[in-house]
file upload-v7.pdb (PDB, C-alpha atoms)
MODEL        1
ATOM      1  CA  MET T 678      71.492 -10.098 -23.391
ATOM      2  CA  SER T 679      72.667 -11.261 -20.017
ATOM      3  CA  SER T 680      70.224 -12.550 -17.463
ATOM      4  CA  GLY T 681      71.263  -9.771 -15.130
ATOM      5  CA  LEU T 682      70.224  -7.180 -17.643
ATOM      6  CA  ILE T 683      66.867  -8.908 -18.160
ATOM      7  CA  VAL T 684      66.192  -8.809 -14.427
ATOM      8  CA  VAL T 685      67.019  -5.108 -14.330
ATOM      9  CA  VAL T 686      64.712  -4.414 -17.290
ATOM     10  CA  VAL T 687      61.859  -6.351 -15.656
ATOM     11  CA  ILE T 688      62.322  -4.456 -12.402
ATOM     12  CA  VAL T 689      62.364  -1.129 -14.230
ATOM     13  CA  LEU T 690      59.185  -2.084 -16.106
ATOM     14  CA  LEU T 691      57.481  -3.076 -12.841
ATOM     15  CA  ILE T 692      58.425   0.259 -11.286
ATOM     16  CA  LEU T 693      57.143   2.147 -14.309
ATOM     17  CA  CYS T 694      53.874   0.181 -14.180
ATOM     18  CA  ALA T 695      53.520   0.922 -10.468
ATOM     19  CA  VAL T 696      54.064   4.620 -11.082
ATOM     20  CA  ALA T 697      51.718   4.698 -14.074
ATOM     21  CA  PHE T 698      48.854   2.547 -12.814
ATOM     22  CA  GLY T 699      49.310   2.508  -9.039
ATOM     23  CA  PRO T 700      47.124   5.550  -8.306
ATOM     24  CA  PHE T 701      44.393   4.174 -10.568
ATOM     25  CA  ILE T 702      44.470   0.772  -8.863
ATOM     26  CA  LEU T 703      44.394   2.370  -5.399
ATOM     27  CA  ALA T 704      41.509   4.641  -6.400
ATOM     28  CA  SER T 705      39.601   1.641  -7.739
ATOM     29  CA  ILE T 706      40.077  -0.246  -4.497
ATOM     30  CA  ARG T 707      39.015   2.766  -2.413
ATOM     31  CA  GLY T 708      36.115   3.482  -4.763
ATOM     32  CA  ARG T 709      34.863  -0.058  -4.427
ATOM     33  CA  GLY T 710      34.882   0.377  -0.663
ATOM     34  CA  SER T 711      32.982   3.667  -0.736
ATOM     35  CA  ARG T 712      30.293   2.233  -2.999
ATOM     36  CA  SER T 713      29.460  -0.418  -0.426
ATOM     37  CA  ALA T 714      26.363  -0.038   1.763
ATOM     38  CA  GLY T 715      28.494   0.853   4.761
ATOM     39  CA  LEU T 716      28.931  -0.955   8.004
ATOM     40  CA  ARG T 717      25.909  -2.895   9.137
ATOM     41  CA  PHE T 718      25.292  -4.998  12.157
ATOM     42  CA  GLY T 719      22.433  -7.424  12.251
ATOM     43  CA  ARG T 720      21.254 -10.490  14.026
ATOM     44  CA  ARG T 721      18.639 -13.084  13.463
ATOM     45  CA  LEU T 722      15.532 -12.953  15.564
ATOM     46  CA  SER T 723      15.221 -15.810  17.987
ATOM     47  CA  ALA T 724      12.372 -18.256  17.602
ATOM     48  CA  ALA T 725      10.587 -16.569  20.502
ATOM     49  CA  GLU T 726      11.004 -13.134  18.908
ATOM     50  CA  LEU T 727       9.746 -14.413  15.557
ATOM     51  CA  GLU T 728       6.722 -15.880  17.299
ATOM     52  CA  ALA T 729       6.150 -12.554  19.075
ATOM     53  CA  GLU T 730       6.310 -10.725  15.732
ATOM     54  CA  ARG T 731       3.840 -13.163  14.220
ATOM     55  CA  ARG T 732       1.443 -12.652  17.110
ATOM     56  CA  ALA T 733       1.909  -8.894  16.849
ATOM     57  CA  GLU T 734       1.059  -8.945  13.147
ATOM     58  CA  ASP T 735      -2.027 -11.045  13.871
ATOM     59  CA  LEU T 736      -3.103  -8.475  16.431
ATOM     60  CA  MET T 737      -2.420  -5.660  13.980
ATOM     61  CA  ALA T 738      -4.570  -7.331  11.328
ATOM     62  CA  SER T 739      -7.413  -7.753  13.795
ATOM     63  CA  VAL T 740      -7.338  -4.030  14.612
ATOM     64  CA  VAL T 741      -6.478  -2.260  11.332
ATOM     65  CA  GLY T 742      -7.740  -4.966   9.001
ATOM     66  CA  ALA T 743      -6.060  -7.304   6.547
ATOM     67  CA  GLU T 744      -5.450  -4.406   4.170
ATOM     68  CA  GLY T 745      -3.619  -2.501   6.880
ATOM     69  CA  LEU T 746      -1.363  -5.461   7.588
ATOM     70  CA  GLU T 747      -0.782  -5.846   3.865
ATOM     71  CA  GLN T 748       0.282  -2.213   3.694
ATOM     72  CA  TYR T 749       2.573  -2.621   6.684
ATOM     73  CA  ARG T 750       4.243  -5.644   5.123
ATOM     74  CA  ALA T 751       4.553  -4.015   1.699
ATOM     75  CA  LEU T 752       5.590  -0.500   2.686
ATOM     76  CA  GLY T 753       7.046  -1.010   6.154
ATOM     77  CA  PHE T 754       4.753   1.480   7.878
ATOM     78  CA  LEU T 755       1.135   2.260   8.672
ATOM     79  CA  HIS T 756      -0.456   5.638   8.198
ATOM     80  CA  ALA T 757      -3.152   7.764   9.744
ATOM     81  CA  PHE T 758      -4.777  10.939   8.510
ATOM     82  CA  GLY T 759      -6.092  13.854  10.498
ATOM     83  CA  ASP T 760      -9.776  14.666  10.488
ATOM     84  CA  PRO T 761     -11.199  15.972   7.208
ATOM     85  CA  GLU T 762     -11.099  19.738   6.764
ATOM     86  CA  GLY T 763     -13.507  22.064   4.990
ATOM     87  CA  ASP T 764     -13.009  20.473   1.590
ATOM     88  CA  GLY T 765     -13.602  17.014   3.010
ATOM     89  CA  ASN T 766      -9.948  16.005   2.730
ATOM     90  CA  PRO T 767      -7.491  15.594   5.586
ATOM     91  CA  GLY T 768      -4.966  18.360   5.976
ATOM     92  CA  TYR T 769      -2.219  16.190   7.327
ATOM     93  CA  GLY T 770      -1.199  12.626   7.875
ATOM     94  CA  TYR T 771       1.306  10.491   9.722
ATOM     95  CA  LEU T 772       3.781   7.858   8.599
ATOM     96  CA  ILE T 773       4.056   5.360  11.434
ATOM     97  CA  TYR T 774       7.303   3.419  11.425
ATOM     98  CA  PRO T 775       8.383   0.661  13.824
ATOM     99  CA  HIS T 776      10.758   1.919  16.494
ATOM    100  CA  ARG T 777      11.414   5.146  14.605
ATOM    101  CA  PRO T 778       9.808   8.547  14.919
ATOM    102  CA  ILE T 779       6.373   9.194  13.470
ATOM    103  CA  VAL T 780       6.640  11.603  10.538
ATOM    104  CA  SER T 781       3.806  14.041   9.954
ATOM    105  CA  PHE T 782       3.206  15.448   6.496
ATOM    106  CA  ASP T 783       0.940  17.840   4.641
ATOM    107  CA  ALA T 784      -1.622  15.575   3.009
ATOM    108  CA  ARG T 785      -2.107  17.920   0.050
ATOM    109  CA  SER T 786       1.451  18.820  -0.847
ATOM    110  CA  GLY T 787       3.295  15.891   0.705
ATOM    111  CA  ARG T 788       5.598  18.334   2.493
ATOM    112  CA  LEU T 789       7.113  16.897   5.658
ATOM    113  CA  LEU T 790       6.024  18.725   8.792
ATOM    114  CA  ASN T 791       7.579  17.176  11.900
ATOM    115  CA  GLU T 792       9.157  14.147  13.470
ATOM    116  CA  LEU T 793       7.360  12.932  16.578
ATOM    117  CA  CYS T 794       9.810  10.974  18.663
ATOM    118  CA  VAL T 795       7.863   8.600  20.859
ATOM    119  CA  SER T 796       8.392   5.149  22.293
ATOM    120  CA  PHE T 797       6.518   2.660  24.447
ATOM    121  CA  PRO T 798       9.032   1.194  26.864
ATOM    122  CA  ASP T 799       7.560  -1.380  29.215
ATOM    123  CA  ARG T 800       9.304  -0.680  32.500
ATOM    124  CA  SER T 801       7.130  -3.174  34.344
ATOM    125  CA  ASP T 802       9.102  -6.112  32.977
ATOM    126  CA  ALA T 803      12.802  -5.397  32.685
ATOM    127  CA  ALA T 804      13.535  -9.058  31.969
ATOM    128  CA  ALA T 805      11.606  -8.829  28.711
ATOM    129  CA  GLY T 806      13.878  -6.078  27.455
ATOM    130  CA  GLY T 807      11.271  -3.338  27.341
ATOM    131  CA  ARG T 808      10.956  -3.287  23.552
ATOM    132  CA  LEU T 809       7.688  -4.197  21.894
ATOM    133  CA  PRO T 810       7.699  -6.305  18.735
ATOM    134  CA  ASP T 811       7.843  -4.081  15.641
ATOM    135  CA  ALA T 812       4.208  -4.585  14.659
ATOM    136  CA  ASP T 813       3.076  -3.934  18.235
ATOM    137  CA  ASP T 814       5.075  -0.697  18.323
ATOM    138  CA  VAL T 815       3.432   0.477  15.101
ATOM    139  CA  LEU T 816      -0.014  -0.578  16.303
ATOM    140  CA  ALA T 817       0.452   1.175  19.652
ATOM    141  CA  LYS T 818       1.332   4.393  17.825
ATOM    142  CA  TRP T 819      -1.623   3.990  15.483
ATOM    143  CA  MET T 820      -4.074   3.373  18.345
ATOM    144  CA  ALA T 821      -2.678   6.294  20.302
ATOM    145  CA  ILE T 822      -3.032   8.621  17.296
ATOM    146  CA  ARG T 823      -6.547   7.453  16.517
ATOM    147  CA  GLY T 824      -7.580   7.238  20.156
ATOM    148  CA  ASP T 825      -6.090  10.351  21.686
ATOM    149  CA  GLU T 826      -3.897  12.280  19.294
ATOM    150  CA  LEU T 827      -3.340  15.226  21.631
ATOM    151  CA  THR T 828      -2.130  13.016  24.474
ATOM    152  CA  LEU T 829       0.315  11.333  22.133
ATOM    153  CA  LEU T 830       1.538  14.686  20.860
ATOM    154  CA  ALA T 831       1.981  15.874  24.424
ATOM    155  CA  SER T 832       4.101  12.799  25.161
ATOM    156  CA  ALA T 833       6.291  13.116  22.086
ATOM    157  CA  ASN T 834       9.467  15.049  21.504
ATOM    158  CA  ILE T 835       8.740  17.028  18.373
ATOM    159  CA  HIS T 836      11.510  17.938  15.966
ATOM    160  CA  ALA T 837      11.895  19.286  12.469
ATOM    161  CA  PRO T 838      12.000  16.637   9.729
ATOM    162  CA  GLY T 839      15.291  14.916   9.137
ATOM    163  CA  ARG T 840      16.479  14.440  12.688
ATOM    164  CA  GLN T 841      16.271  10.636  12.681
ATOM    165  CA  VAL T 842      14.309   9.659   9.596
ATOM    166  CA  ASP T 843      15.944  10.369   6.255
ATOM    167  CA  PRO T 844      13.700  13.089   4.779
ATOM    168  CA  ASP T 845      14.243  11.831   1.228
ATOM    169  CA  GLN T 846      13.066   8.403   2.315
ATOM    170  CA  ALA T 847      10.057   9.909   4.107
ATOM    171  CA  ARG T 848       9.125  11.904   0.994
ATOM    172  CA  ARG T 849       9.382   8.759  -1.085
ATOM    173  CA  ASP T 850       7.198   6.991   1.480
ATOM    174  CA  VAL T 851       4.525   9.678   1.154
ATOM    175  CA  VAL T 852       4.534   9.048  -2.596
ATOM    176  CA  ARG T 853       4.512   5.277  -2.089
ATOM    177  CA  LEU T 854       1.576   5.654   0.284
ATOM    178  CA  GLY T 855      -0.352   7.593  -2.331
ATOM    179  CA  GLU T 856       0.399   4.969  -4.956
ATOM    180  CA  TRP T 857      -0.527   2.191  -2.560
ATOM    181  CA  SER T 858      -3.821   3.825  -1.599
ATOM    182  CA  THR T 859      -4.677   4.338  -5.259
ATOM    183  CA  SER T 860      -3.694   0.905  -6.452
ATOM    184  CA  SER T 861      -5.140  -1.122  -3.608
ATOM    185  CA  ASP T 862      -7.962   1.158  -2.584
ATOM    186  CA  GLY T 863      -6.341   0.640   0.786
ATOM    187  CA  ALA T 864      -7.223   4.055   2.081
ATOM    188  CA  ALA T 865      -9.998   2.440   4.068
ATOM    189  CA  THR T 866      -7.568   0.560   6.226
ATOM    190  CA  ALA T 867      -6.170   3.127   8.566
ATOM    191  CA  GLN T 868      -7.698   6.494   7.880
TER     192      GLN T 868
ATOM    193  CA  MET M1201       1.226  -6.106  24.373
ATOM    194  CA  LYS M1202       4.406  -7.298  26.014
ATOM    195  CA  PRO M1203       8.012  -6.900  24.950
ATOM    196  CA  GLY M1204       9.319 -10.136  23.528
ATOM    197  CA  LEU M1205       5.937 -11.807  23.665
ATOM    198  CA  GLY M1206       3.399  -9.943  21.601
ATOM    199  CA  ASP M1207      -0.121  -9.934  22.939
ATOM    200  CA  GLN M1208      -1.200 -12.036  25.869
ATOM    201  CA  LEU M1209      -4.689 -12.781  27.110
ATOM    202  CA  LEU M1210      -5.070 -11.269  30.574
ATOM    203  CA  ALA M1211      -8.738 -11.942  31.260
ATOM    204  CA  GLU M1212     -11.942 -12.658  29.450
ATOM    205  CA  GLY M1213     -15.560 -12.806  30.411
ATOM    206  CA  ASP M1214     -19.018 -11.449  29.884
ATOM    207  CA  PRO M1215     -19.368  -7.951  31.367
ATOM    208  CA  ASP M1216     -23.049  -8.611  31.859
ATOM    209  CA  VAL M1217     -22.264 -11.393  34.309
ATOM    210  CA  ALA M1218     -21.451  -9.886  37.684
ATOM    211  CA  GLU M1219     -18.681 -12.312  38.548
ATOM    212  CA  ASP M1220     -16.994 -11.837  35.165
ATOM    213  CA  GLU M1221     -17.420  -8.097  35.306
ATOM    214  CA  GLN M1222     -15.701  -7.914  38.673
ATOM    215  CA  ARG M1223     -12.747  -9.913  37.369
ATOM    216  CA  LEU M1224     -12.511  -7.723  34.267
ATOM    217  CA  ILE M1225     -12.628  -4.547  36.355
ATOM    218  CA  GLU M1226      -9.876  -5.816  38.630
ATOM    219  CA  THR M1227      -7.683  -6.727  35.693
ATOM    220  CA  PHE M1228      -8.366  -3.352  34.082
ATOM    221  CA  ARG M1229      -7.412  -1.483  37.246
ATOM    222  CA  ARG M1230      -4.298  -3.557  37.733
ATOM    223  CA  GLN M1231      -3.077  -2.707  34.258
ATOM    224  CA  LEU M1232      -3.770   1.001  34.699
ATOM    225  CA  ASP M1233      -2.051   0.916  38.084
ATOM    226  CA  MET M1234       0.995  -0.440  36.254
ATOM    227  CA  GLY M1235       0.825   2.650  34.074
ATOM    228  CA  MET M1236      -0.515   0.941  30.961
ATOM    229  CA  TRP M1237      -2.679   2.673  28.398
ATOM    230  CA  ALA M1238      -5.893   0.968  27.322
ATOM    231  CA  ALA M1239      -7.203   1.081  23.759
ATOM    232  CA  VAL M1240     -10.459  -0.264  22.412
ATOM    233  CA  PRO M1241     -10.487  -1.024  18.681
ATOM    234  CA  THR M1242     -13.678   0.028  16.954
ATOM    235  CA  ARG M1243     -14.888  -0.196  13.411
ATOM    236  CA  ALA M1244     -17.344   1.662  11.281
ATOM    237  CA  PRO M1245     -18.090   0.889   7.641
ATOM    238  CA  GLY M1246     -14.882   1.435   5.698
ATOM    239  CA  ARG M1247     -13.084   2.816   8.683
ATOM    240  CA  ARG M1248     -11.024   1.397  11.540
ATOM    241  CA  GLU M1249     -10.618   3.397  14.694
ATOM    242  CA  ALA M1250      -9.496   3.079  18.291
ATOM    243  CA  VAL M1251     -10.386   4.917  21.455
ATOM    244  CA  LEU M1252      -8.224   5.265  24.526
ATOM    245  CA  VAL M1253     -10.121   4.683  27.753
ATOM    246  CA  ARG M1254      -9.114   5.566  31.286
ATOM    247  CA  SER M1255     -11.645   3.572  33.240
ATOM    248  CA  PHE M1256     -13.648   0.408  32.754
ATOM    249  CA  SER M1257     -16.840   2.438  32.542
ATOM    250  CA  GLU M1258     -15.498   4.196  29.427
ATOM    251  CA  VAL M1259     -15.242   0.942  27.477
ATOM    252  CA  PRO M1260     -17.929   1.235  24.783
ATOM    253  CA  ALA M1261     -20.783  -1.222  25.147
ATOM    254  CA  GLY M1262     -20.408  -4.200  22.875
ATOM    255  CA  SER M1263     -16.619  -3.914  22.657
ATOM    256  CA  GLU M1264     -14.865  -7.189  22.019
ATOM    257  CA  ARG M1265     -11.571  -6.396  23.686
ATOM    258  CA  VAL M1266      -9.311  -3.914  25.354
ATOM    259  CA  ILE M1267      -5.640  -3.775  24.420
ATOM    260  CA  PHE M1268      -3.203  -2.617  27.081
ATOM    261  CA  PHE M1269       0.169  -1.248  26.076
ATOM    262  CA  PRO M1270       2.968   0.716  27.720
ATOM    263  CA  PRO M1271       2.442   4.480  27.848
ATOM    264  CA  ALA M1272       4.094   6.699  25.292
ATOM    265  CA  THR M1273       7.163   8.636  26.290
ATOM    266  CA  GLY M1274       9.268  11.041  24.302
ATOM    267  CA  GLY M1275      11.809   9.051  22.363
TER     268      GLY M1275
ENDMDL
END
call {"tool": "encode", "arguments": {"input": "upload-v7.pdb", "output": "structure tokens"}}
result
Amino acid sequence: MSSGLIVVVVIVLLILCAVAFGPFILASIRGRGSRSAGLRFGRRLSAAELEAERRAEDLMASVVGAEGLEQYRALGFLHAFGDPEGDGNPGYGYLIYPHRPIVSFDARSGRLLNELCVSFPDRSDAAAGGRLPDADDVLAKWMAIRGDELTLLASANIHAPGRQVDPDQARRDVVRLGEWSTSSDGAATAQ
Amino acid sequence: MKPGLGDQLLAEGDPDVAEDEQRLIETFRRQLDMGMWAAVPTRAPGRREAVLVRSFSEVPAGSERVIFFPPATGG
């Protein structure tokens, strides 16, 4: 067999392989891309921001207790319940996330009720950027709910669940909160 | 509470001492004039709470501190 014929056979085989397996290879490459977590931007906190977060968590612990801070670190949010109703149990509660809407839920069924979009921009100091450390933002929401719930509600933009906070995640967080309260007896932290 | 800083001590003193009380009142007013909200953490057995106060006279007797933070706005 001449070398020219061998080259032709190899080329034909390569073409046949491309036709046979090309779509599969392309699909695999595309599939790998779609299974990724998506595009994310992030940055490290500066030393000053880390120090601010540490101070904010210290302040949180001094207000809601060590158990409350433990919950915040473990679950990523604090909670608050409404006043007890006739049966002695609260009818509703709040999931309080940093720099995300507060999510209210039915304390008996776990059903999500509303998203309360609220923020605490400090316009008195533009140089500081106007954004509280995460733990301070959560604590401010918690104090406002416990201290004057109606005023906070009046300040908030209220939407149906799912506008900014993934409702599946919020439902899971309601379950996680229940498990946390049961396992750690942490319900005393931030009623 | 301050953006980028966390909490800062603004003033401290004994409200039962006239000179301290005056300084605390002035600081309180200055913060409210800047639009800040004022919260006083409280605790009862097994329960942590907070009250929002709008004047120095509303600060519960025996309170250890007042925390000022920016007012809530619709996000």
call {"tool": "residues_around", "arguments": {"input": "upload-v7.pdb", "residues": "M:Ala1261", "least_positions_apart": "2", "cutoff": "12 Å", "atoms": "only C-alpha atoms", "output": "PyMOL selection string"}}
result
chain M and resi 1214-1216+1240+1242+1256-1259+1263-1266
call {"tool": "closest_residue", "arguments": {"input": "upload-v7.pdb", "among": "M:Met1201, M:Leu1232, M:Leu1252, M:Ala1211", "to": "T:Glu734", "atoms": "only C-alpha atoms"}}
result
M:Met1201
call {"tool": "resolve_selection", "arguments": {"input": "upload-v7.pdb", "expression": "the PyMOL selection byres ((chain M) within 6 of (chain T))", "output": "list of chain:residue names"}}
result
M:Pro1203, M:Gly1204, M:Leu1205, M:Gly1206, M:Pro1241, M:Gly1246, M:Arg1247, M:Arg1248, M:Ala1250, M:Val1251, M:Leu1252, M:Pro1270, M:Pro1271, M:Ala1272, M:Thr1273, M:Gly1274, M:Gly1275
call {"tool": "residues_around", "arguments": {"input": "upload-v7.pdb", "residues": "T:Phe758", "least_positions_apart": "5", "cutoff": "7 Å", "atoms": "all atoms listed in the file", "output": "count of residues only"}}
result
5
call {"tool": "atom_distance", "arguments": {"input": "upload-v7.pdb", "atom1": "atom CA of T:Phe754", "atom2": "atom CA of M:Leu1209"}}
result
25.7 Å
call {"tool": "atom_distance", "arguments": {"input": "upload-v7.pdb", "atom1": "atom CA of T:Pro761", "atom2": "atom CA of T:Val780"}}
result
18.7 Å
call {"tool": "atom_distance", "arguments": {"input": "upload-v7.pdb", "atom1": "atom CA of T:Asp843", "atom2": "atom CA of T:Leu752"}}
result
15.4 Å
call {"tool": "residues_around", "arguments": {"input": "upload-v7.pdb", "residues": "M:Phe1228", "least_positions_apart": "3", "cutoff": "9 Å", "atoms": "all atoms listed in the file", "output": "ChimeraX atom specification"}}
result
/M:1223-1225,1231-1233,1238,1255-1256,1266,1268
call {"tool": "closest_residue", "arguments": {"input": "upload-v7.pdb", "among": "T:Gly787, T:Leu690, T:Asn766, T:His836", "to": "T:Arg848", "atoms": "only C-alpha atoms"}}
result
T:Gly787
call {"tool": "axis_aligned_box", "arguments": {"input": "upload-v7.pdb", "around": "stretch 813-820 of chain T", "padding_each_side": "3 Å", "output": "lines of an AutoDock Vina configuration file"}}
result
center_x = 0.5
center_y = 0.2
center_z = 17.4
size_x = 15.1
size_y = 14.3
size_z = 10.6
call {"tool": "resolve_selection", "arguments": {"input": "upload-v7.pdb", "expression": "the PyMOL selection byres ((chain T and resi 852) around 12)", "output": "list in words"}}
result
Leu752, Leu772, Phe782, Asp783, Ala784, Arg785, Ser786, Gly787, Arg788, Leu789, Asp845, Gln846, Ala847, Arg848, Arg849, Asp850, Val851, Arg853, Leu854, Gly855, Glu856, Trp857, Ser858 and Thr859 of chain T
call {"tool": "build_atoms", "arguments": {"input": "upload-v7.pdb", "residues": "stretch 744-770 of chain T", "atoms": "N, CA and C atoms", "output": "PDB file, in the coordinates of the input"}}
result
ATOM      1  N   GLU T 744      -6.078  -5.342   5.109  1.00  0.00           N
ATOM      2  CA  GLU T 744      -5.450  -4.406   4.170  1.00  0.00           C
ATOM      3  C   GLU T 744      -4.364  -3.590   4.861  1.00  0.00           C
ATOM      4  N   GLY T 745      -4.614  -3.251   6.123  1.00  0.00           N
ATOM      5  CA  GLY T 745      -3.619  -2.501   6.880  1.00  0.00           C
ATOM      6  C   GLY T 745      -2.352  -3.319   7.076  1.00  0.00           C
ATOM      7  N   LEU T 746      -2.530  -4.595   7.422  1.00  0.00           N
ATOM      8  CA  LEU T 746      -1.363  -5.461   7.588  1.00  0.00           C
ATOM      9  C   LEU T 746      -0.631  -5.614   6.265  1.00  0.00           C
ATOM     10  N   GLU T 747      -1.399  -5.718   5.190  1.00  0.00           N
ATOM     11  CA  GLU T 747      -0.782  -5.846   3.865  1.00  0.00           C
ATOM     12  C   GLU T 747       0.058  -4.611   3.558  1.00  0.00           C
ATOM     13  N   GLN T 748      -0.478  -3.450   3.901  1.00  0.00           N
ATOM     14  CA  GLN T 748       0.282  -2.213   3.694  1.00  0.00           C
ATOM     15  C   GLN T 748       1.556  -2.216   4.531  1.00  0.00           C
ATOM     16  N   TYR T 749       1.412  -2.609   5.791  1.00  0.00           N
ATOM     17  CA  TYR T 749       2.573  -2.621   6.684  1.00  0.00           C
ATOM     18  C   TYR T 749       3.659  -3.538   6.140  1.00  0.00           C
ATOM     19  N   ARG T 750       3.250  -4.703   5.648  1.00  0.00           N
ATOM     20  CA  ARG T 750       4.243  -5.644   5.123  1.00  0.00           C
ATOM     21  C   ARG T 750       4.864  -5.125   3.822  1.00  0.00           C
ATOM     22  N   ALA T 751       4.058  -4.468   3.002  1.00  0.00           N
ATOM     23  CA  ALA T 751       4.553  -4.015   1.699  1.00  0.00           C
ATOM     24  C   ALA T 751       5.390  -2.739   1.813  1.00  0.00           C
ATOM     25  N   LEU T 752       4.931  -1.804   2.630  1.00  0.00           N
ATOM     26  CA  LEU T 752       5.590  -0.500   2.686  1.00  0.00           C
ATOM     27  C   LEU T 752       6.499  -0.345   3.904  1.00  0.00           C
ATOM     28  N   GLY T 753       6.229  -1.119   4.950  1.00  0.00           N
ATOM     29  CA  GLY T 753       7.046  -1.010   6.154  1.00  0.00           C
ATOM     30  C   GLY T 753       6.525  -0.004   7.161  1.00  0.00           C
ATOM     31  N   PHE T 754       5.340   0.522   6.929  1.00  0.00           N
ATOM     32  CA  PHE T 754       4.753   1.480   7.878  1.00  0.00           C
ATOM     33  C   PHE T 754       3.240   1.477   7.731  1.00  0.00           C
ATOM     34  N   LEU T 755       2.566   1.971   8.762  1.00  0.00           N
ATOM     35  CA  LEU T 755       1.135   2.260   8.672  1.00  0.00           C
ATOM     36  C   LEU T 755       0.985   3.768   8.508  1.00  0.00           C
ATOM     37  N   HIS T 756      -0.225   4.205   8.289  1.00  0.00           N
ATOM     38  CA  HIS T 756      -0.456   5.638   8.198  1.00  0.00           C
ATOM     39  C   HIS T 756      -1.747   5.980   8.915  1.00  0.00           C
ATOM     40  N   ALA T 757      -1.892   7.247   9.207  1.00  0.00           N
ATOM     41  CA  ALA T 757      -3.152   7.764   9.744  1.00  0.00           C
ATOM     42  C   ALA T 757      -3.289   9.189   9.238  1.00  0.00           C
ATOM     43  N   PHE T 758      -4.514   9.572   8.951  1.00  0.00           N
ATOM     44  CA  PHE T 758      -4.777  10.939   8.510  1.00  0.00           C
ATOM     45  C   PHE T 758      -5.506  11.708   9.596  1.00  0.00           C
ATOM     46  N   GLY T 759      -5.322  13.009   9.605  1.00  0.00           N
ATOM     47  CA  GLY T 759      -6.092  13.854  10.498  1.00  0.00           C
ATOM     48  C   GLY T 759      -7.540  13.926  10.037  1.00  0.00           C
ATOM     49  N   ASP T 760      -8.357  14.544  10.847  1.00  0.00           N
ATOM     50  CA  ASP T 760      -9.776  14.666  10.488  1.00  0.00           C
ATOM     51  C   ASP T 760      -9.921  15.486   9.210  1.00  0.00           C
ATOM     52  N   PRO T 761     -10.965  15.204   8.434  1.00  0.00           N
ATOM     53  CA  PRO T 761     -11.199  15.972   7.208  1.00  0.00           C
ATOM     54  C   PRO T 761     -11.404  17.451   7.517  1.00  0.00           C
ATOM     55  N   GLU T 762     -10.914  18.293   6.604  1.00  0.00           N
ATOM     56  CA  GLU T 762     -11.099  19.738   6.764  1.00  0.00           C
ATOM     57  C   GLU T 762     -12.275  20.203   5.904  1.00  0.00           C
ATOM     58  N   GLY T 763     -12.350  21.486   5.674  1.00  0.00           N
ATOM     59  CA  GLY T 763     -13.507  22.064   4.990  1.00  0.00           C
ATOM     60  C   GLY T 763     -13.828  21.432   3.648  1.00  0.00           C
ATOM     61  N   ASP T 764     -12.779  21.051   2.920  1.00  0.00           N
ATOM     62  CA  ASP T 764     -13.009  20.473   1.590  1.00  0.00           C
ATOM     63  C   ASP T 764     -13.253  18.971   1.647  1.00  0.00           C
ATOM     64  N   GLY T 765     -13.339  18.449   2.873  1.00  0.00           N
ATOM     65  CA  GLY T 765     -13.602  17.014   3.010  1.00  0.00           C
ATOM     66  C   GLY T 765     -12.358  16.154   2.983  1.00  0.00           C
ATOM     67  N   ASN T 766     -11.202  16.763   2.769  1.00  0.00           N
ATOM     68  CA  ASN T 766      -9.948  16.005   2.730  1.00  0.00           C
ATOM     69  C   ASN T 766      -9.113  16.306   3.979  1.00  0.00           C
ATOM     70  N   PRO T 767      -8.344  15.338   4.414  1.00  0.00           N
ATOM     71  CA  PRO T 767      -7.491  15.594   5.586  1.00  0.00           C
ATOM     72  C   PRO T 767      -6.384  16.575   5.246  1.00  0.00           C
ATOM     73  N   GLY T 768      -6.026  17.388   6.210  1.00  0.00           N
ATOM     74  CA  GLY T 768      -4.966  18.360   5.976  1.00  0.00           C
ATOM     75  C   GLY T 768      -3.584  17.783   6.205  1.00  0.00           C
ATOM     76  N   TYR T 769      -3.530  16.756   7.013  1.00  0.00           N
ATOM     77  CA  TYR T 769      -2.219  16.190   7.327  1.00  0.00           C
ATOM     78  C   TYR T 769      -2.368  14.696   7.582  1.00  0.00           C
ATOM     79  N   GLY T 770      -1.218  14.059   7.599  1.00  0.00           N
ATOM     80  CA  GLY T 770      -1.199  12.626   7.875  1.00  0.00           C
ATOM     81  C   GLY T 770       0.077  12.257   8.597  1.00  0.00           C
TER      82      GLY T 770
END
